[in-house]
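Working notes, beginning with the structure itself.
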There are 2 protein chains.
Amino acid sequence: MARDPQKTRDLILSTALRLFVEKGYFASSIHDIRHAAGLSIGSIYHHFDSKESIASAIYDDLLGRMTSMVEDASGSHMTAKAKCRAIISAMFSMHETDPLTVHFVLHARHREFLPDAPPICSTRPFELMKQIIEEGIASGEIHPIDPVVAGAILFGGAMRLLHLAGDGVLSKPLDFYLDELFEAGWRGISV
Amino acid sequence: MARDPQKTRDLILSTALRLFVEKGYFASSIHDIRHAAGLSIGSIYHHFDSKESIASAIYDDLLGRMTSMVEDASGSHMTAKAKCRAIISAMFSMHETDPLTVHFVLHARHREFLPDAPPICSTRPFELMKQIIEEGIASGEIHPIDPVVAGAILFGGAMRLLHLAGDGVLSKPLDFYLDELFEAGWRGISV
DNA sequence: GTCTATAATTTGATAGAC
DNA sequence: GTCTATCAAATTATAGAC
């Protein structure tokens, strides 16, 4: 048959992502992925060394996507306030267009099946958020409190809503809450 | 031998909790628990029907502990502000004295191995927090914004710090951040 | 109530034909 | 590159002696 190998690879990744989010990494066997993707075990192992390497590829891909999202949102604005709002807004949009990605990055216990992955909070996108907060404090936009605290209030609140949305317990789309959420969060940490 | 059965049961639960938090539920086999607890497979299966029932017992126990914690903290104060602060303070203390409990309740993906458990946000302690927020809005202490948003800012920020503490990326003990965190969170949502 | 030995499945992964 | 058939190891759970 020898189909387009890139297509096959992408199919494996998207299928695995869906199963990992739906049932969790450990409850999704290679055979489940094989069946859901309509492929064979052999084909999967031709493209990936192991189940863990599939998870690793997904993780890298999604983290990269989140990183450029944060970089874009951050680069298009000047003030810390505008940057932070753009990041949260982009994360909310991402949840609507690509909920699996957000769910995987936010919910999944990566350390459990990717023991060598650094803690999510020390990855690029989260470092960028911390950096923006610190610059906001330096420029006088944000109260001179501990950056960890400011970040927890502003982004922690947003992540909490993302979690709730992922659990399907919100009655409205995320966008509905954005204005109120950001206003309250920002008032809490701005000078 | 016939040791005290309650002691054995507790030993199984505490050992399993430790392993579940350290290595995750799926990476901890019954044999791991057996070995770490210094017991036999037979003894474990005498006290519990299955691995899942161990997780279920742990979950019920910890959720009950969190519930009374929230109820106590809430019941000892009159204003929404004092109640919320007491809850966050108690959660932070709990993290110091019993980090495994907090970690398990906050981090673990219960739905993955306890498919019948309701989403954590719809359990008693989280319902209580939501209720306190709503009463605060009704009494005029809290801005009349969506209760979900107010809860996300105040408790989401605190949970974010608990997550970071659990990942071991905070340089100071949680108590160090409490005042700043609560002040910022409350300023964000209070009238 | 606790133990050892073992059954029954499932899992991740490999071999080799096409 | 994709497939089928199969392996070896690990896992949950059970049986039955003491």
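Residues in the structure tokens are numbered from 1 in each chain, the chains being A, B, ... in the order shown, and ligands are numbered from 1 in the order shown.
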### Task
Would you mind listing what lies within 12 Å of Asp167 (chain A) as a ChimeraX atom specification, with only C-alpha atoms (C1' of nucleotides) counted and same-chain residues fewer than 5 positions away left out?
/A:21-22,99-100,103,106-107,160-162 /B:109,111,118-122
### Task
Hey, list the chain B side of the contact with chain A: 10 Å cut-off, only C-alpha atoms, answer as a PyMOL selection string.
chain B and resi 21-27+107-109+111-113+115+119-122+143+145-146+148-164+167-170+177-190
What does the file look like for those residues with C-alpha atoms, as a PDB file, in the first residue's frame?
ATOM      1  CA  VAL B  21       1.378   9.990  44.593  1.00  0.00           C
ATOM      2  CA  GLU B  22       5.022   9.074  44.019  1.00  0.00           C
ATOM      3  CA  LYS B  23       4.661   6.974  40.902  1.00  0.00           C
ATOM      4  CA  GLY B  24       1.067   7.364  39.865  1.00  0.00           C
ATOM      5  CA  TYR B  25      -1.809   4.930  40.079  1.00  0.00           C
ATOM      6  CA  PHE B  26      -1.047   2.926  36.947  1.00  0.00           C
ATOM      7  CA  ALA B  27       2.662   2.658  37.598  1.00  0.00           C
ATOM      8  CA  HIS B 107      -3.323  16.347  41.037  1.00  0.00           C
ATOM      9  CA  ALA B 108      -4.615  12.881  40.520  1.00  0.00           C
ATOM     10  CA  ARG B 109      -6.761  12.241  37.493  1.00  0.00           C
ATOM     11  CA  ARG B 111     -11.653   9.970  36.457  1.00  0.00           C
ATOM     12  CA  GLU B 112      -8.969   7.887  34.828  1.00  0.00           C
ATOM     13  CA  PHE B 113      -9.014   5.143  37.405  1.00  0.00           C
ATOM     14  CA  PRO B 115     -14.560   6.272  36.116  1.00  0.00           C
ATOM     15  CA  PRO B 119     -15.861  15.474  38.672  1.00  0.00           C
ATOM     16  CA  ILE B 120     -13.963  16.812  41.646  1.00  0.00           C
ATOM     17  CA  CYS B 121     -15.483  20.256  41.231  1.00  0.00           C
ATOM     18  CA  SER B 122     -18.944  18.914  41.921  1.00  0.00           C
ATOM     19  CA  HIS B 143     -18.700  42.149  43.295  1.00  0.00           C
ATOM     20  CA  ILE B 145     -19.845  39.002  38.867  1.00  0.00           C
ATOM     21  CA  ASP B 146     -20.364  35.397  37.838  1.00  0.00           C
ATOM     22  CA  VAL B 148     -17.635  30.894  38.721  1.00  0.00           C
ATOM     23  CA  VAL B 149     -15.282  33.747  37.885  1.00  0.00           C
ATOM     24  CA  ALA B 150     -14.965  34.926  41.477  1.00  0.00           C
ATOM     25  CA  GLY B 151     -14.233  31.389  42.623  1.00  0.00           C
ATOM     26  CA  ALA B 152     -11.675  30.882  39.887  1.00  0.00           C
ATOM     27  CA  ILE B 153      -9.771  34.006  40.850  1.00  0.00           C
ATOM     28  CA  LEU B 154      -9.743  33.421  44.585  1.00  0.00           C
ATOM     29  CA  PHE B 155      -9.517  29.645  44.924  1.00  0.00           C
ATOM     30  CA  GLY B 156      -7.978  29.025  41.505  1.00  0.00           C
ATOM     31  CA  GLY B 157      -5.039  31.199  42.466  1.00  0.00           C
ATOM     32  CA  ALA B 158      -4.623  29.260  45.699  1.00  0.00           C
ATOM     33  CA  MET B 159      -4.871  25.920  43.925  1.00  0.00           C
ATOM     34  CA  ARG B 160      -2.292  27.071  41.425  1.00  0.00           C
ATOM     35  CA  LEU B 161       0.121  27.717  44.290  1.00  0.00           C
ATOM     36  CA  LEU B 162      -0.676  24.302  45.756  1.00  0.00           C
ATOM     37  CA  HIS B 163       0.143  22.742  42.396  1.00  0.00           C
ATOM     38  CA  LEU B 164       3.443  24.574  42.226  1.00  0.00           C
ATOM     39  CA  ASP B 167       5.822  20.140  41.967  1.00  0.00           C
ATOM     40  CA  GLY B 168       8.487  21.435  44.302  1.00  0.00           C
ATOM     41  CA  VAL B 169       9.194  24.610  42.374  1.00  0.00           C
ATOM     42  CA  LEU B 170       8.483  27.100  45.147  1.00  0.00           C
ATOM     43  CA  TYR B 177       2.653  33.588  50.119  1.00  0.00           C
ATOM     44  CA  LEU B 178      -0.687  33.448  51.928  1.00  0.00           C
ATOM     45  CA  ASP B 179      -1.100  37.113  52.844  1.00  0.00           C
ATOM     46  CA  GLU B 180      -0.113  38.492  49.472  1.00  0.00           C
ATOM     47  CA  LEU B 181      -2.148  35.904  47.634  1.00  0.00           C
ATOM     48  CA  PHE B 182      -5.324  36.423  49.577  1.00  0.00           C
ATOM     49  CA  GLU B 183      -5.024  40.194  49.531  1.00  0.00           C
ATOM     50  CA  ALA B 184      -4.588  40.249  45.760  1.00  0.00           C
ATOM     51  CA  GLY B 185      -7.336  37.714  45.141  1.00  0.00           C
ATOM     52  CA  TRP B 186      -9.791  39.417  47.424  1.00  0.00           C
ATOM     53  CA  ARG B 187      -9.089  42.867  45.998  1.00  0.00           C
ATOM     54  CA  GLY B 188      -9.901  41.429  42.594  1.00  0.00           C
ATOM     55  CA  ILE B 189     -13.389  40.295  43.516  1.00  0.00           C
ATOM     56  CA  SER B 190     -14.474  42.465  46.467  1.00  0.00           C
TER      57      SER B 190
END
### Query
Taking only C-alpha atoms (C1' of nucleotides) into account, what are the residues of chain A at most 10 Å from chain D, put as a ChimeraX atom specification?
/A:1-5,8,39-44,46-47
### Message
Give me, as an MDAnalysis selection string, the residues of chain C touching chain B, with the criterion being at most 9 Å (counting only C-alpha atoms (C1' of nucleotides)).
### Response
chainID C and resid 1:4
Residue neighbourhood Thr123 (chain B), 12 Å, only C-alpha atoms (C1' of nucleotides), exclusion window fewer than 4 positions, as a CSV table (one decimal) with N, CA and C atoms, in the first residue's frame:
chain,number,residue,atom,x,y,z
B,59,TYR,N,-9.8,7.7,48.1
B,59,TYR,CA,-10.4,8.9,47.6
B,59,TYR,C,-11.5,9.4,48.6
B,60,ASP,N,-12.4,8.5,49.0
B,60,ASP,CA,-13.4,8.8,49.9
B,60,ASP,C,-12.9,9.4,51.2
B,62,LEU,N,-10.0,10.9,51.8
B,62,LEU,CA,-9.4,12.2,51.6
B,62,LEU,C,-10.4,13.3,51.3
B,63,LEU,N,-11.4,12.9,50.6
B,63,LEU,CA,-12.5,13.9,50.3
B,63,LEU,C,-13.2,14.2,51.5
B,64,GLY,N,-13.5,13.2,52.4
B,64,GLY,CA,-14.1,13.5,53.7
B,64,GLY,C,-13.3,14.4,54.5
B,66,MET,N,-11.1,16.6,53.5
B,66,MET,CA,-11.2,17.9,52.9
B,66,MET,C,-12.5,18.6,53.2
B,67,THR,N,-13.6,17.8,53.2
B,67,THR,CA,-14.9,18.4,53.5
B,67,THR,C,-15.0,18.9,54.9
B,70,VAL,N,-13.1,22.1,55.2
B,70,VAL,CA,-13.7,23.3,54.6
B,70,VAL,C,-14.9,23.7,55.5
B,105,VAL,N,-5.7,14.7,46.0
B,105,VAL,CA,-7.0,15.3,45.6
B,105,VAL,C,-6.8,16.3,44.5
B,117,ALA,N,-16.5,8.1,39.6
B,117,ALA,CA,-16.4,9.3,40.5
B,117,ALA,C,-16.9,10.5,39.8
B,118,PRO,N,-17.7,11.4,40.5
B,118,PRO,CA,-18.1,12.6,39.8
B,118,PRO,C,-16.9,13.5,39.7
B,119,PRO,N,-17.0,14.5,38.8
B,119,PRO,CA,-15.9,15.5,38.7
B,119,PRO,C,-15.6,16.1,40.0
B,127,GLU,N,-18.3,22.4,46.3
B,127,GLU,CA,-19.7,23.0,46.3
B,127,GLU,C,-19.8,24.1,47.4
B,128,LEU,N,-19.2,23.7,48.5
B,128,LEU,CA,-19.2,24.7,49.7
B,128,LEU,C,-18.5,26.0,49.3
B,129,MET,N,-17.4,25.8,48.7
B,129,MET,CA,-16.7,27.1,48.3
B,129,MET,C,-17.5,27.9,47.4
B,130,LYS,N,-18.2,27.3,46.4
B,130,LYS,CA,-19.0,28.0,45.5
B,130,LYS,C,-20.1,28.7,46.2
### Task
Could you tell me how far CA of Cys84 (chain B) lies from CA of Val102 (chain B), in Å and to one decimal?
17.5 Å
